[in-house]
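Structure file structure-v6.cif (mmCIF, C-alpha atoms and all ligand atoms) follows.
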data_target
#
loop_
_atom_site.label_atom_id
_atom_site.label_comp_id
_atom_site.auth_asym_id
_atom_site.auth_seq_id
_atom_site.Cartn_x
_atom_site.Cartn_y
_atom_site.Cartn_z
CA MET A 1415 -183.67 -39.15 96.37
CA LYS A 1416 -184.78 -42.39 97.98
CA ARG A 1417 -183.23 -43.61 101.21
CA ILE A 1418 -183.33 -47.40 101.16
CA ALA A 1419 -182.44 -49.67 104.06
CA VAL A 1420 -181.28 -53.21 103.37
CA THR A 1421 -180.85 -55.53 106.33
CA GLY A 1422 -178.75 -58.68 106.21
CA GLY A 1423 -176.28 -56.51 104.31
CA ALA A 1424 -173.41 -58.96 104.79
CA GLY A 1425 -175.46 -61.88 103.44
CA GLN A 1426 -175.78 -63.46 100.03
CA ILE A 1427 -179.10 -61.91 98.87
CA ALA A 1428 -177.89 -58.42 99.79
CA TYR A 1429 -174.68 -58.98 97.84
CA SER A 1430 -176.79 -59.07 94.68
CA LEU A 1431 -179.63 -56.75 95.75
CA LEU A 1432 -177.54 -53.74 96.83
CA PHE A 1433 -175.75 -53.51 93.50
CA ARG A 1434 -178.95 -53.73 91.50
CA ILE A 1435 -180.56 -50.95 93.55
CA ALA A 1436 -177.48 -48.77 93.20
CA ASN A 1437 -177.56 -49.40 89.45
CA GLY A 1438 -181.02 -47.80 89.27
CA GLU A 1439 -182.96 -50.99 88.57
CA MET A 1440 -185.53 -50.40 91.30
CA PHE A 1441 -186.48 -46.74 90.85
CA GLY A 1442 -185.18 -46.03 87.37
CA SER A 1443 -182.36 -43.97 85.97
CA ASP A 1444 -183.58 -40.55 87.25
CA GLU A 1445 -183.77 -41.31 90.97
CA GLU A 1446 -180.70 -41.02 93.19
CA VAL A 1447 -180.47 -43.53 96.03
CA ALA A 1448 -178.81 -43.61 99.43
CA LEU A 1449 -178.20 -47.06 100.87
CA HIS A 1450 -178.52 -47.69 104.62
CA ILE A 1451 -177.10 -51.16 105.26
CA LEU A 1452 -177.64 -53.08 108.49
CA ASP A 1453 -176.20 -56.34 109.78
CA LEU A 1454 -175.42 -57.82 113.17
CA PRO A 1455 -172.69 -56.47 115.46
CA GLY A 1456 -169.42 -58.11 114.42
CA MET A 1457 -170.30 -57.97 110.71
CA GLU A 1458 -168.99 -54.40 110.25
CA PRO A 1459 -165.80 -55.49 108.42
CA VAL A 1460 -167.92 -57.33 105.84
CA LEU A 1461 -170.24 -54.32 105.50
CA GLU A 1462 -167.19 -52.12 105.02
CA GLY A 1463 -166.07 -54.42 102.20
CA VAL A 1464 -169.52 -54.22 100.60
CA ARG A 1465 -169.41 -50.42 100.85
CA MET A 1466 -165.96 -50.37 99.23
CA GLU A 1467 -167.23 -52.46 96.32
CA LEU A 1468 -170.34 -50.29 95.92
CA ASN A 1469 -168.09 -47.23 95.75
CA ASP A 1470 -165.79 -48.98 93.28
CA CYS A 1471 -168.69 -49.48 90.88
CA ALA A 1472 -168.95 -45.66 90.53
CA PHE A 1473 -172.72 -45.92 90.14
CA PRO A 1474 -173.91 -42.50 88.95
CA LEU A 1475 -177.12 -42.69 91.02
CA LEU A 1476 -175.54 -43.80 94.29
CA HIS A 1477 -175.57 -40.75 96.54
CA GLU A 1478 -174.23 -42.22 99.79
CA VAL A 1479 -173.80 -45.47 101.72
CA HIS A 1480 -174.35 -45.81 105.47
CA ILE A 1481 -173.47 -49.01 107.31
CA GLY A 1482 -174.06 -50.13 110.89
CA SER A 1483 -175.51 -52.58 113.37
CA ASP A 1484 -177.90 -50.34 115.31
CA PRO A 1485 -181.30 -50.46 113.58
CA LYS A 1486 -182.44 -47.14 115.08
CA LYS A 1487 -179.43 -45.33 113.61
CA VAL A 1488 -179.35 -47.14 110.29
CA PHE A 1489 -183.11 -46.61 109.69
CA GLU A 1490 -182.91 -42.83 110.21
CA GLY A 1491 -184.95 -41.04 107.54
CA ILE A 1492 -185.43 -44.08 105.29
CA ASN A 1493 -188.28 -44.20 102.75
CA LEU A 1494 -188.05 -47.91 101.98
CA ALA A 1495 -186.89 -50.87 104.07
CA LEU A 1496 -185.95 -54.16 102.45
CA LEU A 1497 -185.76 -56.51 105.41
CA VAL A 1498 -183.67 -59.42 104.25
CA GLY A 1499 -181.62 -60.15 107.37
CA ALA A 1500 -182.65 -63.31 109.16
CA LYS A 1501 -181.32 -66.76 109.80
CA PRO A 1502 -181.71 -68.72 106.55
CA ARG A 1503 -183.26 -72.16 106.38
CA GLY A 1504 -180.62 -74.90 106.23
CA PRO A 1505 -180.87 -78.36 104.58
CA GLY A 1506 -183.87 -80.35 105.87
CA MET A 1507 -185.12 -77.47 108.03
CA GLU A 1508 -188.80 -76.48 107.81
CA ARG A 1509 -189.72 -72.82 107.87
CA LYS A 1510 -191.72 -73.20 111.04
CA ASP A 1511 -188.54 -74.14 112.93
CA LEU A 1512 -187.34 -70.64 112.23
CA ILE A 1513 -190.43 -68.78 113.28
CA ASN A 1514 -189.54 -68.04 116.86
CA ASP A 1515 -185.86 -67.27 116.22
CA ASN A 1516 -186.58 -64.86 113.43
CA GLY A 1517 -189.78 -63.31 114.85
CA LYS A 1518 -187.82 -61.50 117.55
CA ILE A 1519 -185.74 -59.67 114.95
CA PHE A 1520 -188.91 -58.09 113.60
CA VAL A 1521 -190.04 -56.91 117.02
CA GLU A 1522 -186.80 -54.94 117.40
CA GLN A 1523 -186.77 -53.69 113.82
CA GLY A 1524 -190.45 -52.69 113.97
CA ALA A 1525 -189.73 -50.49 116.98
CA ALA A 1526 -186.68 -49.01 115.24
CA LEU A 1527 -188.67 -48.20 112.09
CA ASN A 1528 -191.38 -46.69 114.23
CA SER A 1529 -188.97 -44.22 115.80
CA SER A 1530 -186.54 -43.53 112.94
CA ALA A 1531 -188.05 -43.96 109.45
CA ALA A 1532 -189.52 -41.21 107.25
CA ASP A 1533 -193.30 -40.69 107.21
CA ASP A 1534 -193.71 -42.21 103.73
CA LEU A 1535 -192.03 -45.49 104.71
CA GLN A 1536 -192.88 -48.70 102.88
CA VAL A 1537 -191.42 -52.07 103.81
CA LEU A 1538 -190.79 -55.32 101.95
CA VAL A 1539 -189.98 -58.31 104.17
CA VAL A 1540 -187.87 -61.00 102.52
CA GLY A 1541 -186.42 -62.80 105.59
CA ASN A 1542 -188.39 -65.95 106.36
CA PRO A 1543 -191.02 -66.77 107.38
CA CYS A 1544 -191.68 -63.52 105.55
CA ASN A 1545 -195.49 -63.30 105.86
CA THR A 1546 -195.51 -63.77 109.60
CA ASN A 1547 -192.38 -61.67 110.13
CA CYS A 1548 -194.16 -58.91 108.23
CA LEU A 1549 -197.21 -59.24 110.47
CA ILE A 1550 -195.04 -59.02 113.59
CA LEU A 1551 -193.26 -56.00 112.15
CA SER A 1552 -196.48 -54.14 111.33
CA HIS A 1553 -197.71 -54.64 114.90
CA ASN A 1554 -194.48 -53.25 116.29
CA ALA A 1555 -194.45 -50.13 114.10
CA PRO A 1556 -197.88 -48.64 114.89
CA ARG A 1557 -196.92 -45.21 113.50
CA PHE A 1558 -197.47 -46.62 110.01
CA SER A 1559 -200.70 -48.00 108.58
CA LYS A 1560 -200.79 -51.71 107.84
CA ASP A 1561 -200.93 -51.13 104.08
CA ARG A 1562 -197.27 -50.02 104.13
CA PHE A 1563 -196.01 -53.52 104.92
CA PHE A 1564 -195.40 -56.20 102.30
CA ALA A 1565 -194.03 -59.75 102.24
CA MET A 1566 -192.22 -61.04 99.18
CA THR A 1567 -193.94 -63.77 97.15
CA ARG A 1568 -192.66 -62.50 93.81
CA LEU A 1569 -189.94 -65.15 93.62
CA ASP A 1570 -192.67 -67.79 93.71
CA GLN A 1571 -194.53 -65.98 90.93
CA ASN A 1572 -191.37 -65.74 88.83
CA ARG A 1573 -190.59 -69.42 89.37
CA ALA A 1574 -194.13 -70.41 88.36
CA GLU A 1575 -194.07 -68.16 85.28
CA HIS A 1576 -190.88 -69.79 84.10
CA GLN A 1577 -192.30 -73.31 84.54
CA ILE A 1578 -195.42 -72.42 82.52
CA ALA A 1579 -193.43 -70.67 79.78
CA ASP A 1580 -191.06 -73.63 79.52
CA LYS A 1581 -193.89 -76.15 79.28
CA ALA A 1582 -195.81 -74.04 76.73
CA GLY A 1583 -192.64 -73.36 74.70
CA VAL A 1584 -193.11 -69.57 74.82
CA PRO A 1585 -190.95 -66.73 76.20
CA VAL A 1586 -191.60 -65.97 79.84
CA ARG A 1587 -192.99 -62.52 78.95
CA SER A 1588 -195.97 -64.26 77.28
CA VAL A 1589 -197.14 -65.55 80.67
CA LYS A 1590 -199.30 -63.04 82.55
CA ASN A 1591 -201.34 -62.83 85.74
CA LEU A 1592 -199.84 -65.80 87.53
CA CYS A 1593 -200.93 -65.07 91.05
CA ILE A 1594 -199.47 -66.70 94.15
CA TRP A 1595 -202.06 -66.92 96.93
CA GLY A 1596 -201.29 -67.31 100.62
CA ASN A 1597 -198.07 -68.02 102.43
CA HIS A 1598 -194.50 -67.98 101.06
CA SER A 1599 -194.08 -71.63 102.04
CA SER A 1600 -194.80 -75.05 100.64
CA THR A 1601 -198.55 -74.36 101.08
CA GLN A 1602 -198.43 -71.42 98.68
CA VAL A 1603 -200.91 -71.65 95.82
CA PRO A 1604 -199.73 -70.75 92.31
CA ASP A 1605 -202.97 -70.03 90.42
CA CYS A 1606 -203.12 -71.30 86.84
CA GLU A 1607 -206.88 -70.71 86.62
CA ASN A 1608 -206.57 -66.94 86.27
CA ALA A 1609 -203.24 -66.88 84.42
CA THR A 1610 -202.80 -66.55 80.67
CA VAL A 1611 -200.31 -67.55 77.98
CA GLU A 1612 -200.31 -65.14 75.05
CA GLY A 1613 -203.73 -63.95 76.22
CA HIS A 1614 -205.30 -67.43 76.41
CA PRO A 1615 -206.16 -69.29 79.63
CA VAL A 1616 -203.19 -71.46 80.60
CA LYS A 1617 -205.18 -74.68 80.49
CA GLU A 1618 -206.27 -74.00 76.89
CA VAL A 1619 -202.59 -73.85 75.93
CA ILE A 1620 -201.15 -76.61 78.15
CA LYS A 1621 -203.45 -79.61 77.83
CA ASP A 1622 -201.32 -82.05 79.78
CA TYR A 1623 -203.60 -81.68 82.83
CA PRO A 1624 -201.86 -84.22 85.14
CA TRP A 1625 -198.68 -82.10 84.76
CA PHE A 1626 -200.21 -79.27 86.80
CA GLU A 1627 -200.80 -81.38 89.92
CA ASN A 1628 -197.93 -83.85 89.56
CA GLU A 1629 -195.07 -81.65 88.38
CA PHE A 1630 -195.85 -77.94 88.22
CA LEU A 1631 -197.35 -77.50 91.69
CA PRO A 1632 -194.75 -79.47 93.69
CA SER A 1633 -191.85 -78.02 91.69
CA VAL A 1634 -192.96 -74.43 92.45
CA GLN A 1635 -193.85 -75.15 96.07
CA LYS A 1636 -190.56 -76.95 96.75
CA ARG A 1637 -188.26 -74.86 94.56
CA GLY A 1638 -186.56 -73.24 97.55
CA ALA A 1639 -185.60 -76.66 98.92
CA ALA A 1640 -184.43 -77.80 95.45
CA ILE A 1641 -182.10 -74.79 95.18
CA ILE A 1642 -180.67 -75.56 98.63
CA ALA A 1643 -180.12 -79.19 97.61
CA ALA A 1644 -178.38 -78.13 94.39
CA ARG A 1645 -176.33 -75.14 95.60
CA GLY A 1646 -175.92 -75.95 99.27
CA LYS A 1647 -177.26 -72.43 99.92
CA SER A 1648 -180.69 -70.86 99.57
CA SER A 1649 -181.75 -68.79 96.54
CA ALA A 1650 -179.87 -65.52 96.40
CA ALA A 1651 -179.63 -63.80 93.00
CA SER A 1652 -183.17 -64.86 92.09
CA ALA A 1653 -184.44 -63.61 95.46
CA ALA A 1654 -182.72 -60.26 94.94
CA SER A 1655 -184.20 -60.07 91.45
CA ALA A 1656 -187.68 -60.73 92.83
CA ALA A 1657 -187.23 -57.95 95.41
CA VAL A 1658 -186.31 -55.55 92.60
CA ASP A 1659 -189.37 -56.72 90.64
CA SER A 1660 -191.66 -56.31 93.68
CA ILE A 1661 -190.71 -52.68 94.27
CA ARG A 1662 -190.64 -51.81 90.58
CA SER A 1663 -194.16 -53.23 90.22
CA LEU A 1664 -195.33 -51.18 93.22
CA TYR A 1665 -193.93 -47.94 91.80
CA THR A 1666 -194.92 -48.42 88.15
CA PRO A 1667 -198.57 -48.24 87.05
CA THR A 1668 -199.67 -51.81 86.30
CA PRO A 1669 -200.79 -52.33 82.67
CA LYS A 1670 -204.59 -52.59 82.34
CA GLY A 1671 -205.94 -56.06 83.09
CA GLN A 1672 -202.72 -57.27 84.71
CA PHE A 1673 -201.57 -57.90 88.26
CA PHE A 1674 -198.62 -59.12 90.30
CA SER A 1675 -198.25 -61.10 93.54
CA LEU A 1676 -197.47 -59.46 96.84
CA GLY A 1677 -198.02 -60.41 100.46
CA VAL A 1678 -200.25 -57.69 101.95
CA HIS A 1679 -202.27 -57.18 105.09
CA THR A 1680 -205.68 -58.89 104.85
CA ALA A 1681 -207.78 -56.04 106.32
CA GLY A 1682 -210.82 -55.45 104.09
CA ASN A 1683 -210.09 -58.29 101.63
CA THR A 1684 -213.10 -59.52 99.67
CA TYR A 1685 -212.00 -63.17 99.48
CA GLY A 1686 -213.03 -64.06 103.04
CA ILE A 1687 -209.46 -64.51 104.29
CA ASP A 1688 -209.15 -64.00 108.04
CA THR A 1689 -208.25 -60.45 109.05
CA ASP A 1690 -204.86 -59.60 110.50
CA LEU A 1691 -202.72 -61.91 108.41
CA VAL A 1692 -200.18 -61.05 105.73
CA PHE A 1693 -201.38 -62.99 102.69
CA SER A 1694 -200.26 -63.06 99.08
CA PHE A 1695 -202.89 -61.56 96.77
CA PRO A 1696 -203.02 -60.31 93.18
CA CYS A 1697 -202.22 -56.58 93.33
CA ARG A 1698 -202.22 -53.64 90.95
CA SER A 1699 -200.37 -50.35 91.29
CA ARG A 1700 -201.48 -46.84 90.33
CA GLY A 1701 -197.79 -45.89 90.54
CA LEU A 1702 -195.51 -44.49 93.27
CA GLY A 1703 -196.34 -47.25 95.74
CA ASP A 1704 -200.12 -46.68 95.61
CA PHE A 1705 -201.63 -50.14 95.23
CA GLU A 1706 -204.88 -52.09 95.48
CA VAL A 1707 -205.74 -55.77 95.75
CA VAL A 1708 -207.55 -57.15 92.69
CA ASN A 1709 -210.76 -58.28 94.31
CA ASP A 1710 -212.75 -60.01 91.59
CA LEU A 1711 -210.82 -63.16 90.64
CA LYS A 1712 -212.76 -66.42 90.66
CA TRP A 1713 -211.71 -69.56 92.52
CA SER A 1714 -212.73 -73.12 91.64
CA GLU A 1715 -213.59 -75.35 94.60
CA GLU A 1716 -210.21 -77.09 94.18
CA LEU A 1717 -208.33 -73.77 94.31
CA ARG A 1718 -210.36 -72.60 97.31
CA LYS A 1719 -209.40 -75.72 99.30
CA LYS A 1720 -205.69 -75.15 98.64
CA ILE A 1721 -205.89 -71.45 99.47
CA ASN A 1722 -207.71 -72.21 102.72
CA LEU A 1723 -204.92 -74.63 103.71
CA SER A 1724 -202.38 -71.86 103.26
CA GLU A 1725 -204.60 -69.52 105.29
CA GLU A 1726 -204.76 -72.14 108.06
CA GLU A 1727 -200.98 -72.37 108.09
CA LEU A 1728 -200.70 -68.59 108.46
CA LYS A 1729 -203.21 -68.65 111.32
CA GLU A 1730 -201.09 -71.31 113.05
CA GLU A 1731 -197.94 -69.21 112.55
CA ARG A 1732 -199.76 -66.18 114.00
CA GLU A 1733 -200.77 -68.26 117.01
CA ILE A 1734 -197.11 -69.13 117.67
CA VAL A 1735 -196.03 -65.47 117.60
CA THR A 1736 -198.97 -63.87 119.44
CA GLY A 1737 -196.59 -62.88 122.25
CA LEU A 1738 -194.45 -60.89 119.81
CA MET A 1739 -197.29 -58.66 118.64
CA VAL A 1740 -198.39 -55.54 120.50
P1 LIG B 1 -177.48 -65.06 104.61
O1 LIG B 1 -177.30 -65.97 105.77
O2 LIG B 1 -176.51 -65.11 103.50
O3 LIG B 1 -177.53 -63.56 105.14
C1 LIG B 1 -178.34 -63.19 106.18
C2 LIG B 1 -177.68 -62.01 106.84
O4 LIG B 1 -178.59 -61.49 107.78
C3 LIG B 1 -176.40 -62.39 107.59
O5 LIG B 1 -175.35 -61.55 107.19
C4 LIG B 1 -176.79 -62.18 109.05
O6 LIG B 1 -175.70 -61.75 109.84
C5 LIG B 1 -177.86 -61.09 108.89
N1 LIG B 1 -178.73 -60.95 110.02
C6 LIG B 1 -179.22 -61.90 110.85
N2 LIG B 1 -179.96 -61.35 111.80
C7 LIG B 1 -179.95 -60.01 111.58
C8 LIG B 1 -180.52 -58.92 112.22
N3 LIG B 1 -181.23 -59.06 113.33
N4 LIG B 1 -180.33 -57.68 111.71
C9 LIG B 1 -179.59 -57.51 110.60
N5 LIG B 1 -178.99 -58.51 109.94
C10 LIG B 1 -179.19 -59.75 110.42
O7 LIG B 1 -179.00 -65.29 104.11
P2 LIG B 1 -179.64 -64.91 102.72
O8 LIG B 1 -179.43 -66.02 101.78
O9 LIG B 1 -179.21 -63.56 102.32
O10 LIG B 1 -181.21 -64.97 103.09
C11 LIG B 1 -181.79 -64.02 103.94
C12 LIG B 1 -183.23 -64.37 104.22
O11 LIG B 1 -184.01 -64.41 103.02
C13 LIG B 1 -183.44 -65.74 104.89
O12 LIG B 1 -184.40 -65.59 105.92
C14 LIG B 1 -184.04 -66.55 103.77
O13 LIG B 1 -184.82 -67.63 104.26
C15 LIG B 1 -184.89 -65.53 103.07
N6 LIG B 1 -185.35 -65.85 101.71
C16 LIG B 1 -186.58 -65.40 101.36
C17 LIG B 1 -187.09 -65.60 100.10
C18 LIG B 1 -188.44 -65.10 99.71
O14 LIG B 1 -188.86 -65.38 98.59
N7 LIG B 1 -189.19 -64.40 100.56
C19 LIG B 1 -186.32 -66.37 99.08
C20 LIG B 1 -184.86 -66.44 99.38
C21 LIG B 1 -184.51 -66.62 100.83
O15 LIG B 1 -184.71 -67.97 101.16
#
So, in terms of structure tokens, how does the structure I just supplied come out?
Ligand code: NAX
Amino acid sequence: MKRIAVTGGAGQIAYSLLFRIANGEMFGSDEEVALHILDLPGMEPVLEGVRMELNDCAFPLLHEVHIGSDPKKVFEGINLALLVGAKPRGPGMERKDLINDNGKIFVEQGAALNSSAADDLQVLVVGNPCNTNCLILSHNAPRFSKDRFFAMTRLDQNRAEHQIADKAGVPVRSVKNLCIWGNHSSTQVPDCENATVEGHPVKEVIKDYPWFENEFLPSVQKRGAAIIAARGKSSAASAASAAVDSIRSLYTPTPKGQFFSLGVHTAGNTYGIDTDLVFSFPCRSRGLGDFEVVNDLKWSEELRKKINLSEEELKEEREIVTGLMV
């Protein structure tokens, strides 16, 4: 059985995510799950309502549901933490405005994971700015090695895959190896140079080259803001879906020659990215959470410049939160 913590349990992403986990979509139909749901003090009535609805679904795999507002208690014995809870970005707000507010949450939760979680803990940070929150968290949970901490860039990958599939007029499953490099922010770099459509390089299939710079890139980079403008709220069901995809990809052996995007710690990377950042790279899994970064992709000069800009942004974010890292 897997014990899975979800923070921000009273929020909109969790309202989709919890039900998909309980339905077996993350770990498959043979693995029972226990949900440990955290939100702020005062949100207990909402958490109670969420627990009632989870119970009312009669999910065969759902073993038990714990709720609470004390991270040390809620994280007791957990194998996986999905850290969603944070203040979301409102209309017109840049991610950097959030960095100090949200960073402190990950200091407290890092310490709580350090004292309460199971030895095989892995963590996916969704709450923004997720790369830098993940870095703060890893520094505040020194019991666990840095390769247990991930930041979610899968939603960006999924968004980019859809745009390419739509433009090429193919089903989204025909698009493979669309890596997101760098930060989950507007400097992120969706890489069409290493991606394929039905096994062919993307730019051999889509020959409208101005489209990549003028439409594809800005639409992927600014998709979060476009969803807020349209819905009045940030992405929720698609974010939950990407979290399910991220963990499923980590636990399922990756098909030969393929990879997926995940924000991971930069220690030992072969691309020359500064150490001690959490950076989105192409990753492969050997199954059961055992992963490696794909280290032999090629960058054009143009791609390198964009990736370095995203790296610079992450270094600036790290500078702002130095005081939160032990
Ligand atoms: P909501 O405002 O609906 O829910 C957030 C919940 O977190 C609230 O219930 C709040 O009480 C709780 N919370 C706040 N501080 C907490 C703490 N210290 N401990 C536990 N719970 C806490 O936001 P939602 O739409 O669910 O978004 C959550 C986070 O995901 C935001 O930071 C948002 O920016 C981020 N996103 C990240 C994405 C990604 O791809 N990495 C995409 C979607 C989303 O924008």
Original post:
Which residues, written as an NGL selection string, have at least one atom at most 10 Å from Ala1526 (chain A), with all atoms listed in the file counted and residues fewer than 5 positions away on the same chain left out?
Top reply: :A and (1484-1490 or 1520-1521 or 1531 or 1554-1555)
First collect every listed atom of ligand LIG 1 (chain B); then fit an axis-aligned box around them, widen it by 5 Å on each side, and give centre and edge lengths in Å to one decimal, as lines of an AutoDock Vina configuration file.
center_x = -182.3
center_y = -62.7
center_z = 106.0
size_x = 23.8
size_y = 20.5
size_z = 24.7
Original post:
With all atoms listed in the file as the basis for distance, which of A:Ile1594, A:Leu1691, A:Ile1513, A:Ala1495 is at the shortest distance from Val1735 (chain A)?
Top reply: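 So, comparing all the options, the nearest one is A:Ile1513.
Of the residues under consideration (A:Gly1499, A:Gly1524, A:Gly1677, A:Pro1696), A:Gly1499 shows the shortest atom-to-atom contact distance to Gln1426 (chain A) when counting only C-alpha atoms.
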Original post:
Looking at A:Asp1688, A:Glu1612, A:Asp1704, A:Asp1470, which one is nearest to Glu1730 (chain A), with distances taken over all atoms listed in the file?
Top reply: A:Asp1688
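If you measure from each of A:His1553, A:His1598, A:Arg1732, A:Arg1587 to ligand LIG 1 (chain B) using all atoms listed in the file, the closest one turns out to be A:His1598.
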Original post:
Mind listing the residues within 6 Å of ligand LIG 1 (chain B), all atoms listed in the file counted, as a list in words?
Top reply: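 Checking all atoms listed in the file against ligand LIG 1 (chain B) at 6 Å gives Thr1421, Gly1422, Gly1423, Ala1424, Gly1425, Gln1426, Ile1427, Ala1428, Leu1452, Asp1453, Leu1454, Val1498, Gly1499, Ala1500, Lys1501, Pro1502, Arg1503, Ile1519, Val1540, Gly1541, Asn1542, Cys1544, Met1566, Thr1567, Leu1569, Ser1648, Ser1649, Ala1650 and Ala1653 of chain A.
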Original post:
Which one is closest to Arg1434 (chain A): A:Ser1655, A:Phe1558, A:Leu1728, A:Ile1451? Count only C-alpha atoms.
Top reply: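 Under the stated criterion, the closest residue is A:Ser1655.
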Original post:
Between CA of Glu1439 (chain A) and CA of Val1658 (chain A), what is the distance, to one decimal in Å?
Top reply: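 So the answer is 6.9 Å.
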**OP:** Might you pull out every residue within 8 Å of Ser1699 (chain A), with all atoms listed in the file counted and same-chain residues fewer than 3 positions away left off, and present them as a PyMOL selection string?
**Re:** chain A and resi 1663-1668+1702-1706
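You can rank A:Val1464, A:Val1479, A:Cys1593, A:Leu1723 by their closest distance to Ser1675 (chain A) using all atoms listed in the file, and at the top of that list sits A:Cys1593.
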